[in-house]
>>> print(open('target-v8.cif').read())   # mmCIF, N, CA and C atoms
data_upload
loop_
_atom_site.label_atom_id
_atom_site.label_comp_id
_atom_site.auth_asym_id
_atom_site.auth_seq_id
_atom_site.Cartn_x
_atom_site.Cartn_y
_atom_site.Cartn_z
N MET A 1 -4.22 -36.06 -4.19
CA MET A 1 -3.57 -36.67 -5.33
C MET A 1 -2.64 -37.78 -4.87
N ALA A 2 -2.76 -38.90 -5.45
CA ALA A 2 -1.90 -40.03 -5.12
C ALA A 2 -0.57 -39.91 -5.85
N GLY A 3 0.49 -40.46 -5.22
CA GLY A 3 1.78 -40.50 -5.88
C GLY A 3 2.69 -39.32 -5.60
N LYS A 4 2.23 -38.32 -4.83
CA LYS A 4 3.09 -37.19 -4.53
C LYS A 4 4.08 -37.58 -3.44
N THR A 5 5.31 -37.14 -3.59
CA THR A 5 6.32 -37.37 -2.56
C THR A 5 6.84 -36.04 -2.07
N ALA A 6 7.35 -36.03 -0.86
CA ALA A 6 7.89 -34.80 -0.27
C ALA A 6 9.19 -34.42 -0.96
N HIS A 7 9.42 -33.14 -1.04
CA HIS A 7 10.66 -32.61 -1.62
C HIS A 7 11.82 -32.88 -0.67
N THR A 8 12.94 -33.36 -1.19
CA THR A 8 14.14 -33.59 -0.39
C THR A 8 15.21 -32.61 -0.83
N PRO A 9 15.63 -31.69 0.08
CA PRO A 9 16.69 -30.74 -0.29
C PRO A 9 18.01 -31.45 -0.56
N ILE A 10 18.70 -31.03 -1.60
CA ILE A 10 19.99 -31.60 -1.98
C ILE A 10 21.06 -30.55 -1.74
N ARG A 11 22.18 -30.97 -1.14
CA ARG A 11 23.32 -30.09 -0.90
C ARG A 11 24.58 -30.78 -1.41
N SER A 12 25.63 -29.99 -1.63
CA SER A 12 26.91 -30.51 -2.09
C SER A 12 27.93 -30.45 -0.97
N CYS A 13 28.75 -31.48 -0.88
CA CYS A 13 29.86 -31.49 0.07
C CYS A 13 30.88 -30.46 -0.39
N LYS A 14 31.35 -29.62 0.52
CA LYS A 14 32.31 -28.56 0.18
C LYS A 14 33.67 -29.11 -0.19
N SER A 15 33.96 -30.34 0.18
CA SER A 15 35.26 -30.92 -0.12
C SER A 15 35.25 -31.73 -1.40
N CYS A 16 34.43 -32.76 -1.47
CA CYS A 16 34.46 -33.66 -2.62
C CYS A 16 33.38 -33.35 -3.66
N ARG A 17 32.47 -32.43 -3.37
CA ARG A 17 31.39 -31.99 -4.28
C ARG A 17 30.34 -33.06 -4.55
N LYS A 18 30.32 -34.12 -3.72
CA LYS A 18 29.29 -35.15 -3.86
C LYS A 18 27.94 -34.56 -3.47
N LYS A 19 26.91 -34.81 -4.25
CA LYS A 19 25.57 -34.30 -3.96
C LYS A 19 24.77 -35.36 -3.22
N LEU A 20 24.26 -34.95 -2.04
CA LEU A 20 23.48 -35.86 -1.20
C LEU A 20 22.30 -35.10 -0.61
N ALA A 21 21.37 -35.86 -0.04
CA ALA A 21 20.26 -35.23 0.67
C ALA A 21 20.82 -34.48 1.88
N LYS A 22 20.21 -33.35 2.18
CA LYS A 22 20.68 -32.48 3.26
C LYS A 22 20.84 -33.23 4.58
N ASN A 23 19.91 -34.14 4.88
CA ASN A 23 19.97 -34.84 6.16
C ASN A 23 21.07 -35.90 6.22
N GLN A 24 21.76 -36.17 5.12
CA GLN A 24 22.86 -37.12 5.11
C GLN A 24 24.21 -36.44 5.28
N LEU A 25 24.22 -35.12 5.37
CA LEU A 25 25.46 -34.35 5.47
C LEU A 25 25.60 -33.72 6.84
N GLN A 26 26.84 -33.40 7.21
CA GLN A 26 27.12 -32.66 8.43
C GLN A 26 27.17 -31.18 8.07
N ARG A 27 26.59 -30.33 8.92
CA ARG A 27 26.63 -28.89 8.69
C ARG A 27 27.54 -28.25 9.72
N TRP A 28 28.44 -27.38 9.25
CA TRP A 28 29.37 -26.67 10.12
C TRP A 28 29.15 -25.17 9.95
N VAL A 29 29.16 -24.45 11.07
CA VAL A 29 29.01 -23.00 11.06
C VAL A 29 30.13 -22.40 11.90
N LEU A 30 30.31 -21.08 11.78
CA LEU A 30 31.30 -20.39 12.60
C LEU A 30 30.62 -19.77 13.80
N GLU A 31 31.21 -19.97 14.97
CA GLU A 31 30.75 -19.32 16.19
C GLU A 31 32.00 -18.81 16.90
N ASN A 32 32.10 -17.48 17.04
CA ASN A 32 33.31 -16.86 17.59
C ASN A 32 34.55 -17.25 16.79
N ASN A 33 34.39 -17.27 15.49
CA ASN A 33 35.45 -17.58 14.52
C ASN A 33 36.01 -19.00 14.66
N GLU A 34 35.24 -19.89 15.28
CA GLU A 34 35.61 -21.30 15.41
C GLU A 34 34.53 -22.17 14.78
N PRO A 35 34.91 -23.21 14.03
CA PRO A 35 33.91 -24.11 13.44
C PRO A 35 33.16 -24.89 14.52
N VAL A 36 31.83 -24.94 14.38
CA VAL A 36 30.97 -25.66 15.31
C VAL A 36 30.05 -26.56 14.49
N HIS A 37 29.92 -27.81 14.93
CA HIS A 37 29.03 -28.75 14.25
C HIS A 37 27.59 -28.40 14.59
N ASP A 38 26.78 -28.12 13.60
CA ASP A 38 25.37 -27.78 13.77
C ASP A 38 24.56 -29.07 13.61
N GLU A 39 24.42 -29.80 14.71
CA GLU A 39 23.78 -31.12 14.65
C GLU A 39 22.34 -31.08 14.16
N ASN A 40 21.58 -30.07 14.57
CA ASN A 40 20.18 -29.97 14.17
C ASN A 40 19.98 -29.23 12.85
N GLN A 41 21.06 -28.71 12.30
CA GLN A 41 21.05 -27.97 11.03
C GLN A 41 20.04 -26.83 11.04
N ASN A 42 20.02 -26.07 12.15
CA ASN A 42 19.08 -24.96 12.24
C ASN A 42 19.68 -23.70 12.85
N MET A 43 21.00 -23.64 13.01
CA MET A 43 21.62 -22.44 13.56
C MET A 43 21.52 -21.32 12.52
N SER A 44 21.35 -20.11 12.99
CA SER A 44 21.20 -18.99 12.07
C SER A 44 22.57 -18.41 11.73
N ALA A 45 23.25 -19.09 10.85
CA ALA A 45 24.56 -18.65 10.39
C ALA A 45 24.82 -19.31 9.04
N ARG A 46 25.75 -18.75 8.32
CA ARG A 46 26.16 -19.34 7.04
C ARG A 46 26.82 -20.67 7.33
N GLY A 47 26.45 -21.71 6.63
CA GLY A 47 26.97 -23.04 6.92
C GLY A 47 27.63 -23.69 5.73
N ALA A 48 28.45 -24.69 6.03
CA ALA A 48 29.10 -25.50 5.01
C ALA A 48 28.75 -26.95 5.30
N TYR A 49 28.44 -27.69 4.26
CA TYR A 49 28.05 -29.10 4.39
C TYR A 49 29.20 -29.98 3.94
N VAL A 50 29.45 -31.05 4.71
CA VAL A 50 30.46 -32.05 4.34
C VAL A 50 29.86 -33.44 4.54
N CYS A 51 30.36 -34.40 3.77
CA CYS A 51 29.75 -35.74 3.80
C CYS A 51 30.41 -36.68 4.80
N SER A 52 31.63 -36.39 5.24
CA SER A 52 32.31 -37.31 6.15
C SER A 52 33.34 -36.56 6.99
N ASP A 53 33.87 -37.25 7.98
CA ASP A 53 34.92 -36.65 8.81
C ASP A 53 36.18 -36.38 7.99
N ASP A 54 36.47 -37.25 7.02
CA ASP A 54 37.64 -37.03 6.16
C ASP A 54 37.49 -35.74 5.36
N CYS A 55 36.30 -35.52 4.82
CA CYS A 55 36.07 -34.29 4.06
C CYS A 55 36.14 -33.06 4.97
N TYR A 56 35.63 -33.18 6.19
CA TYR A 56 35.74 -32.08 7.14
C TYR A 56 37.21 -31.76 7.42
N ASN A 57 38.02 -32.79 7.64
CA ASN A 57 39.45 -32.57 7.91
C ASN A 57 40.15 -31.91 6.73
N ASN A 58 39.67 -32.18 5.50
CA ASN A 58 40.26 -31.56 4.32
C ASN A 58 40.01 -30.06 4.25
N ILE A 59 38.87 -29.60 4.79
CA ILE A 59 38.52 -28.18 4.63
C ILE A 59 38.51 -27.39 5.93
N LYS A 60 38.78 -28.02 7.08
CA LYS A 60 38.61 -27.31 8.35
C LYS A 60 39.52 -26.08 8.47
N ALA A 61 40.68 -26.08 7.87
CA ALA A 61 41.57 -24.92 7.93
C ALA A 61 41.00 -23.74 7.14
N SER A 62 40.26 -24.02 6.10
CA SER A 62 39.72 -22.94 5.26
C SER A 62 38.27 -22.58 5.58
N LEU A 63 37.66 -23.23 6.57
CA LEU A 63 36.26 -22.93 6.91
C LEU A 63 36.03 -21.47 7.29
N PRO A 64 36.88 -20.85 8.13
CA PRO A 64 36.62 -19.44 8.45
C PRO A 64 36.57 -18.55 7.21
N ARG A 65 37.45 -18.81 6.26
CA ARG A 65 37.44 -18.02 5.01
C ARG A 65 36.20 -18.31 4.18
N MET A 66 35.78 -19.58 4.14
CA MET A 66 34.61 -19.98 3.36
C MET A 66 33.32 -19.37 3.91
N LEU A 67 33.23 -19.31 5.22
CA LEU A 67 31.97 -18.93 5.85
C LEU A 67 31.87 -17.46 6.21
N THR A 68 32.90 -16.70 5.94
CA THR A 68 32.85 -15.27 6.20
C THR A 68 32.22 -14.58 5.00
N ARG A 69 31.25 -13.78 5.28
CA ARG A 69 30.56 -13.07 4.18
C ARG A 69 31.48 -12.02 3.60
N ARG A 70 31.63 -12.05 2.30
CA ARG A 70 32.47 -11.08 1.61
C ARG A 70 31.63 -9.93 1.13
N ARG A 71 32.05 -8.75 1.42
CA ARG A 71 31.32 -7.56 0.96
C ARG A 71 32.13 -6.88 -0.13
N VAL A 72 31.43 -6.52 -1.17
CA VAL A 72 32.10 -5.89 -2.33
C VAL A 72 31.92 -4.40 -2.27
#
>>> encode(input="target-v8.cif", output="structure tokens")
Amino acid sequence: MAGKTAHTPIRSCKSCRKKLAKNQLQRWVLENNEPVHDENQNMSARGAYVCSDDCYNNIKASLPRMLTRRRV
């Protein structure tokens, strides 16, 4: 079929809530309770997406709380 395009995953920045394609955002995960930049976006951990270094600086203090799984 002509005209089909590939699906592009959309994610939201955790700081400013801007919606962008997944490959345009930075992904951060926790490793040993420290934020780590997941450059390849394939680490097996809960991640947070941010659109810029400024947005990362806005949320870096709260990343451990954001990325910790809450059990009810």
>>> residues_around(input="target-v8.cif", residues="Gln24 of chain A", least_positions_apart="4", cutoff="6.5 Å", atoms="only N, CA and C atoms", output="list of chain:residue names")
A:Leu20, A:Val50, A:Cys51
>>> atom_distance(input="target-v8.cif", atom1="atom CA of Lys18 of chain A", atom2="atom CA of Asn57 of chain A")
15.8 Å
>>> select_by_dssp(input="target-v8.cif", residues="chain A", states="helix (DSSP H, G or I)", output="JSON, numbers by chain")
{"A": [22, 23, 24, 53, 54, 55, 56, 57, 58, 59, 60, 61, 62, 63, 64, 65, 66, 67]}
>>> write_last_selection(input="target-v8.cif", atoms="N, CA and C atoms", output="PDB file, in the coordinates of the input")
ATOM      1  N   LYS A  22      20.210 -33.350   2.180  1.00  0.00           N
ATOM      2  CA  LYS A  22      20.680 -32.480   3.260  1.00  0.00           C
ATOM      3  C   LYS A  22      20.840 -33.230   4.580  1.00  0.00           C
ATOM      4  N   ASN A  23      19.910 -34.140   4.880  1.00  0.00           N
ATOM      5  CA  ASN A  23      19.970 -34.840   6.160  1.00  0.00           C
ATOM      6  C   ASN A  23      21.070 -35.900   6.220  1.00  0.00           C
ATOM      7  N   GLN A  24      21.760 -36.170   5.120  1.00  0.00           N
ATOM      8  CA  GLN A  24      22.860 -37.120   5.110  1.00  0.00           C
ATOM      9  C   GLN A  24      24.210 -36.440   5.280  1.00  0.00           C
ATOM     10  N   ASP A  53      33.870 -37.250   7.980  1.00  0.00           N
ATOM     11  CA  ASP A  53      34.920 -36.650   8.810  1.00  0.00           C
ATOM     12  C   ASP A  53      36.180 -36.380   7.990  1.00  0.00           C
ATOM     13  N   ASP A  54      36.470 -37.250   7.020  1.00  0.00           N
ATOM     14  CA  ASP A  54      37.640 -37.030   6.160  1.00  0.00           C
ATOM     15  C   ASP A  54      37.490 -35.740   5.360  1.00  0.00           C
ATOM     16  N   CYS A  55      36.300 -35.520   4.820  1.00  0.00           N
ATOM     17  CA  CYS A  55      36.070 -34.290   4.060  1.00  0.00           C
ATOM     18  C   CYS A  55      36.140 -33.060   4.970  1.00  0.00           C
ATOM     19  N   TYR A  56      35.630 -33.180   6.190  1.00  0.00           N
ATOM     20  CA  TYR A  56      35.740 -32.080   7.140  1.00  0.00           C
ATOM     21  C   TYR A  56      37.210 -31.760   7.420  1.00  0.00           C
ATOM     22  N   ASN A  57      38.020 -32.790   7.640  1.00  0.00           N
ATOM     23  CA  ASN A  57      39.450 -32.570   7.910  1.00  0.00           C
ATOM     24  C   ASN A  57      40.150 -31.910   6.730  1.00  0.00           C
ATOM     25  N   ASN A  58      39.670 -32.180   5.500  1.00  0.00           N
ATOM     26  CA  ASN A  58      40.260 -31.560   4.320  1.00  0.00           C
ATOM     27  C   ASN A  58      40.010 -30.060   4.250  1.00  0.00           C
ATOM     28  N   ILE A  59      38.870 -29.600   4.790  1.00  0.00           N
ATOM     29  CA  ILE A  59      38.520 -28.180   4.630  1.00  0.00           C
ATOM     30  C   ILE A  59      38.510 -27.390   5.930  1.00  0.00           C
ATOM     31  N   LYS A  60      38.780 -28.020   7.080  1.00  0.00           N
ATOM     32  CA  LYS A  60      38.610 -27.310   8.350  1.00  0.00           C
ATOM     33  C   LYS A  60      39.520 -26.080   8.470  1.00  0.00           C
ATOM     34  N   ALA A  61      40.680 -26.080   7.870  1.00  0.00           N
ATOM     35  CA  ALA A  61      41.570 -24.920   7.930  1.00  0.00           C
ATOM     36  C   ALA A  61      41.000 -23.740   7.140  1.00  0.00           C
ATOM     37  N   SER A  62      40.260 -24.020   6.100  1.00  0.00           N
ATOM     38  CA  SER A  62      39.720 -22.940   5.260  1.00  0.00           C
ATOM     39  C   SER A  62      38.270 -22.580   5.580  1.00  0.00           C
ATOM     40  N   LEU A  63      37.660 -23.230   6.570  1.00  0.00           N
ATOM     41  CA  LEU A  63      36.260 -22.930   6.910  1.00  0.00           C
ATOM     42  C   LEU A  63      36.030 -21.470   7.290  1.00  0.00           C
ATOM     43  N   PRO A  64      36.880 -20.850   8.130  1.00  0.00           N
ATOM     44  CA  PRO A  64      36.620 -19.440   8.450  1.00  0.00           C
ATOM     45  C   PRO A  64      36.570 -18.550   7.210  1.00  0.00           C
ATOM     46  N   ARG A  65      37.450 -18.810   6.260  1.00  0.00           N
ATOM     47  CA  ARG A  65      37.440 -18.020   5.010  1.00  0.00           C
ATOM     48  C   ARG A  65      36.200 -18.310   4.180  1.00  0.00           C
ATOM     49  N   MET A  66      35.780 -19.580   4.140  1.00  0.00           N
ATOM     50  CA  MET A  66      34.610 -19.980   3.360  1.00  0.00           C
ATOM     51  C   MET A  66      33.320 -19.370   3.910  1.00  0.00           C
ATOM     52  N   LEU A  67      33.230 -19.310   5.220  1.00  0.00           N
ATOM     53  CA  LEU A  67      31.970 -18.930   5.850  1.00  0.00           C
ATOM     54  C   LEU A  67      31.870 -17.460   6.210  1.00  0.00           C
TER      55      LEU A  67
END
>>> closest_residue(input="target-v8.cif", among="A:Cys55, A:Ala21, A:Ser12, A:Arg46", to="Arg69 of chain A", atoms="only N, CA and C atoms")
A:Arg46
>>> select_by_dssp(input="target-v8.cif", residues="segment 32-66 of chain A", states="strand (DSSP E or B)", output="list in words")
Glu34, Pro35, Val36, His37, Gly47, Ala48, Tyr49 and Val50 of chain A
>>> atom_distance(input="target-v8.cif", atom1="atom CA of Asn33 of chain A", atom2="atom CA of Lys60 of chain A")
11.9 Å
>>> closest_residue(input="target-v8.cif", among="A:Arg65, A:Arg27, A:Arg17, A:His7", to="Gly47 of chain A", atoms="only N, CA and C atoms")
A:Arg27
>>> atom_distance(input="target-v8.cif", atom1="atom N of Glu34 of chain A", atom2="atom C of Lys22 of chain A")
22.4 Å
>>> closest_residue(input="target-v8.cif", among="A:Ser15, A:Gln41, A:Ala6, A:Arg70", to="Asp54 of chain A", atoms="all atoms listed in the file")
A:Ser15
>>> residues_near_point(input="target-v8.cif", point="(31.4, -22.7, 7.2)", cutoff="12 Å", atoms="only C-alpha atoms", output="number ranges by chain")
A: 13-15, 26-31, 33-38, 43-50, 56, 59-69
>>> axis_aligned_box(input="target-v8.cif", around="segment 6-17 of chain A", padding_each_side="3 Å", output="AutoDock Vina command-line options")
--center_x 21.3 --center_y -32.3 --center_z -2.0 --size_x 33.9 --size_y 13.5 --size_z 11.1
